[in-house]
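Undergrad: The following file, run.txt, comprises compact mmCIF, C-alpha atoms:
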```txt
# COMPACT_ATOMS: atom_id res chain seq x y z
CA MET A 1 102.21 157.32 91.21
CA ALA A 2 101.09 157.97 94.75
CA GLU A 3 98.74 160.67 93.45
CA ASN A 4 97.13 158.13 91.16
CA LEU A 5 96.59 155.73 94.06
CA LYS A 6 94.79 158.44 95.98
CA ASP A 7 92.60 159.17 92.96
CA ILE A 8 91.56 155.56 92.61
CA ARG A 9 90.79 155.32 96.31
CA ARG A 10 88.64 158.42 96.07
CA ARG A 11 86.74 156.98 93.13
CA ILE A 12 86.12 153.70 94.92
CA LYS A 13 84.70 155.62 97.84
CA SER A 14 82.40 157.65 95.62
CA VAL A 15 81.11 154.55 93.80
CA LYS A 16 80.53 152.89 97.18
CA ASN A 17 78.42 155.84 98.24
CA THR A 18 76.38 155.63 95.07
CA GLN A 19 75.94 151.92 95.63
CA GLN A 20 74.60 152.53 99.11
CA ILE A 21 72.03 154.94 97.73
CA THR A 22 70.88 152.64 94.92
CA LYS A 23 70.70 149.76 97.36
CA ALA A 24 68.53 151.79 99.74
CA MET A 25 66.30 152.89 96.86
CA LYS A 26 65.93 149.31 95.75
CA MET A 27 64.81 148.23 99.21
CA VAL A 28 62.40 151.13 99.50
CA ALA A 29 60.93 150.26 96.09
CA ALA A 30 60.61 146.61 97.14
CA SER A 31 58.65 147.50 100.26
CA LYS A 32 56.46 149.95 98.32
CA LEU A 33 55.79 147.23 95.79
CA ARG A 34 54.67 144.85 98.52
CA ARG A 35 52.41 147.56 99.92
CA ALA A 36 50.98 148.33 96.50
CA GLN A 37 50.25 144.65 95.96
CA SER A 38 48.47 144.20 99.25
CA ARG A 39 46.45 147.36 98.60
CA ALA A 40 45.49 146.04 95.19
CA GLU A 41 44.41 142.83 96.91
CA ALA A 42 42.26 144.81 99.37
CA ALA A 43 40.66 146.72 96.50
CA ARG A 44 39.60 143.67 94.53
CA PRO A 45 36.28 142.96 96.33
CA TYR A 46 34.88 146.37 95.35
CA ALA A 47 35.66 146.01 91.66
CA GLU A 48 34.30 142.46 91.59
CA ASN A 49 31.12 143.24 93.50
CA LEU A 50 30.44 146.38 91.50
CA ARG A 51 30.75 144.44 88.25
CA GLU A 52 28.43 141.70 89.50
CA VAL A 53 25.81 144.09 90.78
CA LEU A 54 26.05 146.10 87.58
CA GLN A 55 25.47 143.01 85.49
CA ARG A 56 22.53 142.03 87.64
CA VAL A 57 20.92 145.44 87.19
CA ALA A 58 21.71 145.50 83.48
CA ALA A 59 19.99 142.12 83.08
CA ARG A 60 16.84 143.78 84.43
CA THR A 61 16.79 146.69 82.05
CA SER A 62 15.82 145.82 78.51
CA VAL A 63 17.16 148.86 76.68
CA VAL A 64 20.46 150.03 78.03
CA SER A 65 21.12 153.58 76.97
CA HIS A 66 23.20 156.06 78.86
CA PRO A 67 25.31 159.11 77.92
CA LEU A 68 28.44 157.15 78.82
CA MET A 69 27.47 154.35 76.44
CA ALA A 70 26.56 156.55 73.48
CA VAL A 71 28.61 155.52 70.46
CA ARG A 72 29.28 158.53 68.22
CA THR A 73 31.25 159.22 65.08
CA VAL A 74 34.74 159.76 66.42
CA ARG A 75 36.06 163.23 65.70
CA LYS A 76 38.27 163.60 68.72
CA VAL A 77 39.97 161.07 70.98
CA ALA A 78 41.26 161.63 74.52
CA PHE A 79 44.13 159.55 75.89
CA LEU A 80 44.30 159.14 79.64
CA VAL A 81 47.98 158.35 80.24
CA LEU A 82 49.28 157.06 83.58
CA THR A 83 52.98 157.66 84.32
CA SER A 84 55.12 158.12 87.43
CA ASP A 85 56.09 161.42 89.04
CA ARG A 86 59.78 160.63 89.34
CA GLY A 87 62.39 158.95 87.22
CA LEU A 88 65.04 156.38 88.21
CA CYS A 89 62.72 153.55 87.31
CA GLY A 90 64.37 152.20 84.17
CA ALA A 91 62.34 152.22 80.96
CA TYR A 92 59.01 152.40 82.83
CA ASN A 93 57.93 155.83 81.61
CA ALA A 94 59.60 155.45 78.22
CA ASN A 95 57.56 152.30 77.60
CA VAL A 96 54.19 153.73 78.56
CA LEU A 97 54.87 156.97 76.67
CA ARG A 98 55.90 155.02 73.58
CA GLN A 99 52.65 153.07 73.84
CA ALA A 100 50.79 156.38 74.13
CA THR A 101 52.46 158.02 71.12
CA GLN A 102 51.84 154.86 69.09
CA ALA A 103 48.17 154.93 70.07
CA VAL A 104 48.01 158.61 69.19
CA ALA A 105 49.50 157.85 65.77
CA THR A 106 46.55 155.54 64.98
CA VAL A 107 43.95 158.32 65.22
CA GLY A 108 45.05 159.59 61.81
CA GLU A 109 43.01 162.53 60.66
CA ARG A 110 40.94 162.77 63.81
CA ARG A 111 41.85 165.22 66.54
CA TYR A 112 43.12 164.15 69.91
CA GLY A 113 44.12 165.38 73.35
CA ILE A 114 45.88 164.05 76.43
CA ILE A 115 44.77 163.69 80.02
CA ALA A 116 48.04 163.24 81.89
CA MET A 117 48.28 161.53 85.25
CA GLY A 118 51.77 161.70 86.75
CA ARG A 119 54.39 164.41 86.42
CA LYS A 120 56.62 162.60 83.91
CA GLY A 121 53.83 162.17 81.39
CA ARG A 122 52.54 165.70 81.85
CA ASP A 123 56.01 167.17 81.24
CA PHE A 124 56.56 164.92 78.23
CA PHE A 125 53.34 165.94 76.47
CA ARG A 126 53.60 169.58 77.46
CA ARG A 127 57.15 169.81 76.09
CA ARG A 128 56.07 168.33 72.80
CA GLY A 129 53.12 170.68 72.46
CA TYR A 130 50.30 168.13 72.75
CA GLU A 131 46.93 169.47 73.77
CA LEU A 132 46.40 168.74 77.46
CA LEU A 133 42.74 168.17 78.34
CA GLY A 134 43.54 167.54 81.97
CA GLU A 135 46.52 167.06 84.24
CA PHE A 136 46.80 165.31 87.54
CA ALA A 137 50.28 165.59 89.04
CA PRO A 138 51.87 164.74 91.32
CA VAL A 139 50.08 161.46 91.92
CA GLY A 140 52.23 160.25 94.82
CA ASP A 141 53.54 156.80 95.57
CA GLU A 142 50.24 155.20 96.44
CA ALA A 143 47.18 154.73 94.30
CA ARG A 144 44.35 156.61 95.99
CA PHE A 145 40.75 156.32 94.89
CA GLU A 146 40.11 160.07 95.12
CA GLN A 147 42.72 160.70 92.45
CA ALA A 148 41.44 158.01 90.12
CA LYS A 149 37.97 159.42 90.65
CA ALA A 150 39.08 162.96 89.76
CA ALA A 151 40.72 161.79 86.53
CA ALA A 152 37.73 159.58 85.65
CA GLU A 153 35.34 162.47 86.29
CA ARG A 154 37.38 164.67 83.98
CA ALA A 155 37.25 162.03 81.24
CA MET A 156 33.49 161.53 81.71
CA ALA A 157 32.82 165.28 81.68
CA LEU A 158 34.69 165.63 78.38
CA TYR A 159 32.81 162.69 76.98
CA THR A 160 29.30 163.70 78.00
CA ALA A 161 29.93 167.28 76.84
CA GLU A 162 30.85 165.73 73.47
CA ALA A 163 34.24 167.45 73.57
CA VAL A 164 35.68 164.01 72.85
CA ASP A 165 34.00 160.94 71.36
CA GLU A 166 36.30 158.27 72.70
CA VAL A 167 38.60 157.89 75.69
CA VAL A 168 41.54 155.49 75.68
CA LEU A 169 43.32 154.48 78.87
CA VAL A 170 47.11 154.01 78.55
CA TYR A 171 48.91 152.48 81.52
CA THR A 172 51.33 149.75 82.55
CA ARG A 173 49.80 146.39 83.34
CA PHE A 174 51.44 144.58 86.22
CA VAL A 175 52.24 140.95 85.40
CA SER A 176 54.90 140.27 88.03
CA ALA A 177 57.70 142.14 89.75
CA MET A 178 59.85 141.22 86.78
CA GLN A 179 57.32 141.78 84.01
CA GLN A 180 55.14 144.74 83.11
CA HIS A 181 53.45 145.66 79.86
CA ALA A 182 52.32 149.05 78.64
CA VAL A 183 48.78 148.74 77.25
CA ALA A 184 46.14 150.96 75.65
CA ILE A 185 42.53 149.98 76.33
CA PRO A 186 39.22 151.71 75.49
CA LEU A 187 37.56 153.36 78.50
CA LEU A 188 34.67 155.28 76.95
CA PRO A 189 32.13 154.70 75.60
CA ILE A 190 31.39 151.81 77.96
CA SER A 191 30.87 148.73 75.85
CA GLY A 192 27.68 146.76 76.29
CA GLU A 193 29.86 143.66 76.66
CA ALA A 194 31.00 144.76 80.10
CA LEU A 195 27.43 144.68 81.35
CA ARG A 196 26.58 141.22 80.09
CA GLY A 197 27.50 138.43 82.42
CA GLU A 198 25.60 135.21 82.02
CA GLN A 199 26.92 133.71 85.27
CA HIS A 200 25.21 136.38 87.34
CA ALA A 201 21.73 135.80 86.05
CA VAL A 202 19.39 136.19 88.99
CA THR A 203 16.53 134.08 90.06
CA GLY A 204 13.77 135.89 91.85
CA GLY A 205 12.78 139.47 91.42
CA TYR A 206 14.60 142.39 92.92
CA ILE A 207 12.89 145.45 94.24
CA PHE A 208 14.55 148.51 92.73
CA GLU A 209 14.40 151.85 94.46
CA PRO A 210 14.05 154.05 92.49
CA GLY A 211 13.94 152.12 89.17
CA ALA A 212 16.48 149.72 87.71
CA ARG A 213 17.32 152.21 85.01
CA GLU A 214 18.06 155.00 87.50
CA ILE A 215 20.27 152.71 89.54
CA LEU A 216 22.14 151.60 86.46
CA ALA A 217 22.64 155.23 85.43
CA ALA A 218 24.12 156.02 88.84
CA MET A 219 26.33 152.94 88.76
CA LEU A 220 27.96 153.43 85.38
CA PRO A 221 30.14 156.39 86.47
CA LYS A 222 31.26 154.28 89.45
CA TYR A 223 32.25 151.55 87.03
CA VAL A 224 34.44 153.97 85.05
CA GLU A 225 36.01 155.30 88.25
CA SER A 226 36.70 151.77 89.40
CA GLN A 227 38.37 150.93 86.08
CA VAL A 228 40.65 153.95 86.29
CA PHE A 229 41.44 153.09 89.90
CA GLU A 230 42.39 149.53 88.97
CA ALA A 231 44.63 150.86 86.20
CA LEU A 232 46.22 153.33 88.61
CA GLN A 233 46.94 150.56 91.06
CA GLU A 234 48.55 148.41 88.41
CA ALA A 235 50.55 151.40 87.17
CA LYS A 236 51.82 152.11 90.68
CA ALA A 237 52.76 148.49 91.35
CA SER A 238 54.53 148.41 87.97
CA GLU A 239 56.39 151.61 88.76
CA HIS A 240 57.72 150.23 92.03
CA GLY A 241 58.63 146.95 90.32
CA ALA A 242 60.47 148.79 87.54
CA ARG A 243 62.30 150.99 90.03
CA MET A 244 63.27 147.98 92.10
CA ARG A 245 64.77 146.29 89.05
CA ALA A 246 66.51 149.44 87.84
CA MET A 247 68.07 150.02 91.24
CA ASP A 248 69.07 146.38 91.55
CA ALA A 249 70.90 146.64 88.21
CA ALA A 250 72.55 149.88 89.30
CA THR A 251 73.71 148.29 92.56
CA ARG A 252 75.22 145.40 90.63
CA ASN A 253 76.93 147.78 88.21
CA CYS A 254 78.43 149.58 91.18
CA ALA A 255 79.78 146.29 92.53
CA ASP A 256 81.39 145.53 89.14
CA LEU A 257 82.92 148.97 89.01
CA ILE A 258 84.29 148.64 92.53
CA ASP A 259 85.87 145.29 91.63
CA ARG A 260 87.57 146.78 88.61
CA LEU A 261 88.77 149.83 90.48
CA THR A 262 90.09 147.70 93.34
CA LEU A 263 92.07 145.65 90.83
CA ARG A 264 93.53 148.79 89.35
CA HIS A 265 94.28 150.13 92.79
CA ASN A 266 96.13 146.95 93.77
CA ARG A 267 98.08 146.99 90.54
CA ALA A 268 99.11 150.59 91.02
CA ARG A 269 100.11 149.89 94.61
CA GLN A 270 102.17 146.88 93.50
CA ALA A 271 103.89 149.00 90.86
CA ALA A 272 104.65 151.68 93.43
CA ILE A 273 106.18 149.13 95.81
CA THR A 274 108.25 147.55 93.05
CA LYS A 275 109.50 150.95 92.02
CA GLU A 276 110.48 151.79 95.58
CA ILE A 277 112.38 148.52 95.94
CA ILE A 278 114.23 149.17 92.69
CA GLU A 279 115.12 152.63 93.92
CA ILE A 280 116.47 151.26 97.22
CA VAL A 281 118.42 148.51 95.47
CA THR A 282 120.00 150.94 93.00
CA ALA A 283 120.83 153.28 95.87
CA VAL A 284 122.50 150.46 97.84
CA GLU A 285 124.45 149.32 94.75
CA ALA A 286 125.64 152.85 94.14
CA MET A 287 127.16 153.08 97.64
CA MET B 1 18.69 135.62 116.78
CA SER B 2 19.02 135.08 113.09
CA THR B 3 21.64 137.01 111.20
CA THR B 4 22.53 138.08 107.70
CA HIS B 5 25.98 138.52 106.25
CA LEU B 6 26.95 142.15 105.80
CA ARG B 7 29.81 143.41 103.66
CA VAL B 8 30.65 147.08 103.46
CA ILE B 9 33.13 147.64 100.66
CA THR B 10 34.92 150.77 99.46
CA PRO B 11 37.21 150.96 96.42
CA GLU B 12 40.23 150.81 98.72
CA ARG B 13 39.24 148.18 101.28
CA GLN B 14 36.59 146.03 102.86
CA VAL B 15 35.41 147.75 106.04
CA VAL B 16 32.91 145.20 107.32
CA ASP B 17 32.64 141.49 106.59
CA GLU B 18 30.56 139.83 109.30
CA ASP B 19 27.18 138.54 110.39
CA VAL B 20 24.80 141.17 111.69
CA GLU B 21 21.24 141.18 113.08
CA MET B 22 20.13 144.44 111.50
CA VAL B 23 21.37 147.31 109.36
CA ILE B 24 19.90 150.80 109.07
CA LEU B 25 20.87 152.95 106.08
CA ARG B 26 19.62 155.96 104.20
CA GLY B 27 18.58 155.27 100.64
CA THR B 28 17.87 158.02 98.17
CA GLU B 29 14.18 157.19 98.65
CA GLY B 30 14.31 157.24 102.43
CA GLU B 31 15.68 155.59 105.55
CA LEU B 32 15.49 151.82 105.58
CA GLY B 33 16.21 149.01 107.98
CA VAL B 34 17.31 145.61 106.76
CA LEU B 35 16.62 142.49 108.80
CA PRO B 36 17.47 138.89 107.90
CA GLN B 37 15.06 137.42 105.32
CA HIS B 38 14.57 140.81 103.71
CA ALA B 39 13.29 140.66 100.13
CA PRO B 40 15.96 141.11 97.42
CA LEU B 41 16.43 144.82 96.96
CA MET B 42 18.70 147.20 95.17
CA THR B 43 18.88 150.90 95.89
CA ALA B 44 21.15 153.93 95.77
CA LEU B 45 22.41 155.36 99.06
CA ASP B 46 22.87 158.91 100.28
CA PRO B 47 25.85 159.79 102.51
CA ALA B 48 24.67 159.01 106.04
CA PRO B 49 25.60 157.20 109.23
CA LEU B 50 25.20 153.46 108.73
CA ARG B 51 23.98 151.67 111.85
CA LEU B 52 24.48 147.98 112.38
CA LYS B 53 23.51 145.64 115.19
CA ARG B 54 25.66 142.66 116.03
CA ASP B 55 25.50 140.50 119.13
CA GLY B 56 22.81 142.76 120.48
CA THR B 57 24.82 145.99 120.39
CA TRP B 58 24.64 148.82 117.92
CA GLY B 59 27.62 150.19 116.04
CA VAL B 60 27.88 153.05 113.62
CA LEU B 61 29.93 153.87 110.52
CA ALA B 62 30.13 157.02 108.42
CA ALA B 63 29.29 156.04 104.84
CA SER B 64 29.30 158.17 101.73
CA ALA B 65 27.07 157.76 98.68
CA GLY B 66 26.86 154.37 97.02
CA PHE B 67 24.66 151.34 96.53
CA LEU B 68 22.94 148.68 98.56
CA GLU B 69 22.19 145.19 97.40
CA VAL B 70 20.14 142.85 99.55
CA GLY B 71 20.43 139.31 98.28
CA PRO B 72 18.92 136.08 99.58
CA ARG B 73 21.64 135.55 102.18
CA HIS B 74 23.76 138.65 102.06
CA VAL B 75 23.74 142.42 102.25
CA THR B 76 26.36 144.25 100.22
CA VAL B 77 27.04 147.95 100.59
CA LEU B 78 29.26 149.57 97.95
CA VAL B 79 30.29 153.10 98.90
CA ASP B 80 33.04 155.55 97.92
CA SER B 81 34.28 155.80 101.48
CA CYS B 82 33.37 154.45 104.88
CA GLU B 83 34.99 155.11 108.23
CA ARG B 84 34.72 153.78 111.72
CA PRO B 85 34.11 156.43 114.40
CA GLU B 86 37.71 156.26 115.63
CA GLU B 87 39.02 156.94 112.11
CA ILE B 88 37.03 160.12 111.62
CA ASP B 89 38.88 163.42 111.52
CA VAL B 90 36.36 165.61 113.35
CA GLN B 91 38.20 168.87 112.64
CA ARG B 92 38.28 168.14 108.96
CA ALA B 93 34.62 167.12 108.87
CA ARG B 94 33.65 170.35 110.67
CA ALA B 95 35.65 172.42 108.18
CA ALA B 96 34.07 170.52 105.29
CA ARG B 97 30.58 171.11 106.68
CA LYS B 98 31.22 174.84 107.04
CA ARG B 99 32.62 175.06 103.52
CA ALA B 100 29.65 173.21 102.05
CA GLU B 101 27.12 175.31 103.98
CA GLU B 102 28.72 178.52 102.76
CA ARG B 103 28.73 177.26 99.23
CA LEU B 104 25.05 176.33 99.42
CA LYS B 105 24.18 179.73 100.89
CA ALA B 106 26.16 181.63 98.28
CA LYS B 107 23.55 181.03 95.54
CA ARG B 108 26.04 181.67 92.80
CA GLU B 109 25.87 180.29 89.31
CA ASP B 110 29.28 178.68 89.34
CA VAL B 111 28.46 176.53 92.38
CA ASP B 112 27.68 172.90 91.74
CA TYR B 113 24.76 172.40 94.12
CA ALA B 114 24.56 168.63 93.86
CA ARG B 115 28.24 168.44 94.74
CA ALA B 116 28.01 170.86 97.65
CA LYS B 117 24.94 169.03 98.97
CA ALA B 118 26.75 165.68 98.82
CA ALA B 119 29.76 167.19 100.58
CA LEU B 120 27.49 168.54 103.32
CA LEU B 121 25.77 165.19 103.80
CA ARG B 122 29.14 163.44 103.99
CA ALA B 123 30.45 165.85 106.60
CA VAL B 124 27.28 165.56 108.68
CA ALA B 125 27.38 161.74 108.43
CA ARG B 126 30.97 161.77 109.70
CA LEU B 127 30.16 164.08 112.60
CA LYS B 128 27.13 162.02 113.60
CA ALA B 129 29.02 158.76 113.40
CA ALA B 130 31.80 160.26 115.51
CA GLY B 131 29.20 161.17 118.14
CA TYR B 132 29.10 164.91 117.51
CA ASP B 133 25.40 165.31 116.90
CA GLU B 134 25.27 169.07 117.06
```
Could I get this structure in the form of structure tokens?
TA:
Amino acid sequence: MAENLKDIRRRIKSVKNTQQITKAMKMVAASKLRRAQSRAEAARPYAENLREVLQRVAARTSVVSHPLMAVRTVRKVAFLVLTSDRGLCGAYNANVLRQATQAVATVGERRYGIIAMGRKGRDFFRRRGYELLGEFAPVGDEARFEQAKAAAERAMALYTAEAVDEVVLVYTRFVSAMQQHAVAIPLLPISGEALRGEQHAVTGGYIFEPGAREILAAMLPKYVESQVFEALQEAKASEHGARMRAMDAATRNCADLIDRLTLRHNRARQAAITKEIIEIVTAVEAM
Amino acid sequence: MSTTHLRVITPERQVVDEDVEMVILRGTEGELGVLPQHAPLMTALDPAPLRLKRDGTWGVLAASAGFLEVGPRHVTVLVDSCERPEEIDVQRARAARKRAEERLKAKREDVDYARAKAALLRAVARLKAAGYDE
């Protein structure tokens, strides 16, 4: 009986240790989430201004044609998939990878390849024998523009070399700390829609140096980079949100487990005491 | 003195958001100075030190390649990266300049010249902005 008591006490202690770890991880994730959100906030002006300027230039050029806008018969599709480097973030990676495999299933007869960003995704696709057209891992905890740029450049190089005829971006959209959705959106070719914005129609002529067309051609890659960067930021915020929730659930599970073990411990202790009393009483009666 | 509103924006943050009296930048077509009332203009930028005058004093930033838009009442600079002199890692910029110079000198087929040239310009812009005009 006493042995059993010791066992339970040891288990309570071990669960308490685990709880401390999950609690710390939850708080770390929460602070990283806040950081990711404020960084996303700081990054918004660039994306907005770039889009506006792009639309203003596009309005000036009658025929918009660019290698990144060329629509071709699709023979091969590339999927740029954004995952985390580490686990312990609930269903975060499972969700985005499911979205990716579903998107892959829609290509049918056409060929496809994966550009993996994040260690989890890379390992997943490599293990299953998918063709990897590019890998960027580890990504780290913060979304950095350089990384988004590198992945975007890889996608654009594949596209302009006609190695792929379409690029789809798969990532987790951040709705709130509690809600995130895995989505698959087209990245390349750039749709003409993105360049049309009636609200930014300009009055008065701009001087373009060199020409409007050259400026537009230089801006389009920036637009793609900026889109990948936005997706990376959302993915990172989502990852921290998912980890925060997963660790919060784990901490609560630990608390439940401790409660149950404490109950069992008390019961066992009670039983041991009762037994001892009975032993004493019987001993006294026997005298 | 009249001013114009200048914003220098990188994908990660807004570096400058204030009224200035003049800005000097390097466009792909040449150096240009922008004063208030400048005609609407749009141009691509090469990596170079960006000089700005506010309250009568000149400041400098190290900007990489990007775009300039001069509107009726504003000047917007969109660049990949932009640092204030105190944020510049001089050692790193020196190493980057050396690497780029070697790559340009190598004259090998597998070297991307446009890339190496841009890297060199970036490194030089950083060193100049940090006050190491060597």
Undergrad: Would you mind telling me which residue in A:Val168, A:Ala148, A:Ala58, A:Ile114 lies nearest to Val228 in chain A when using all atoms listed in the file?
TA: A:Ala148
Undergrad: Report as CSV: every residue of chain A with an atom at most 6 Å from chain B, its closest pair of atoms, and their distance in Å to one decimal, counting all atoms listed in the file, with rows sorted by chain and ascending residue number.
TA:
```
residue,atom,partner,partner_atom,distance
A:Ala42,CA,B:Arg13,CA,4.9
A:Ala43,CA,B:Glu12,CA,4.7
A:Tyr46,CA,B:Pro11,CA,5.3
A:Tyr206,CA,B:Pro40,CA,4.9
A:Ile207,CA,B:Leu41,CA,4.5
A:Phe208,CA,B:Met42,CA,5.0
A:Glu209,CA,B:Thr43,CA,4.8
```
Undergrad: Can you work out the spacing between CA of Glu142 in chain A and CA of Cys82 in chain B in Å, to one decimal?
TA: 18.9 Å
Undergrad: Find the residues near range 85-102 of chain A: any atom within 8 Å, counting only C-alpha atoms, skip ones fewer than 3 places away on the same chain, and give them as a list in words.
TA: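 Near neighbours after the sequence-gap exclusion: Phe79, Val81, Leu82, Ala105, Thr106, Gly118, Arg119, Lys120, Gly121, Ala137, Pro138, Val139, Gly140, Val170, Tyr171, Thr172, Ala182, Val183, Ala184, Ser238, Glu239, His240, Ala242, Arg243, Met244, Arg245, Ala246 and Met247 of chain A.
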Undergrad: Excluding Thr4 in chain B and residues on its chain fewer than 5 positions from it, collect all residues at most 6 Å away from it, counting all atoms listed in the file, and give them as a ChimeraX atom specification.
TA: /B:19-20,36,74
Undergrad: Work out how far apart CA of Leu121 in chain B and CA of Arg84 in chain B are and give it in Å to one decimal.
TA: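 Computing it gives 16.5 Å between the two atoms.
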Undergrad: What's the 10 Å shell around Glu31 in chain B, counting all atoms listed in the file, without same-chain residues fewer than 5 positions away, as a list in words?
TA: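 Result of the neighbour search: Ile24, Leu25, Arg26, Leu45, Asp46 and Ala48 of chain B.
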Undergrad: One decimal, Å: what's the distance from CA of Glu279 in chain A over to CA of Arg10 in chain A, could you say?
TA: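 CA of Glu279 in chain A sits 27.2 Å away from CA of Arg10 in chain A.
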Undergrad: Residues within 12 Å of Glu109 in chain A, please, as a PyMOL selection string. Count all atoms listed in the file; anything in the same chain fewer than 5 positions from it doesn't count.
TA: chain A and resi 74-77+104
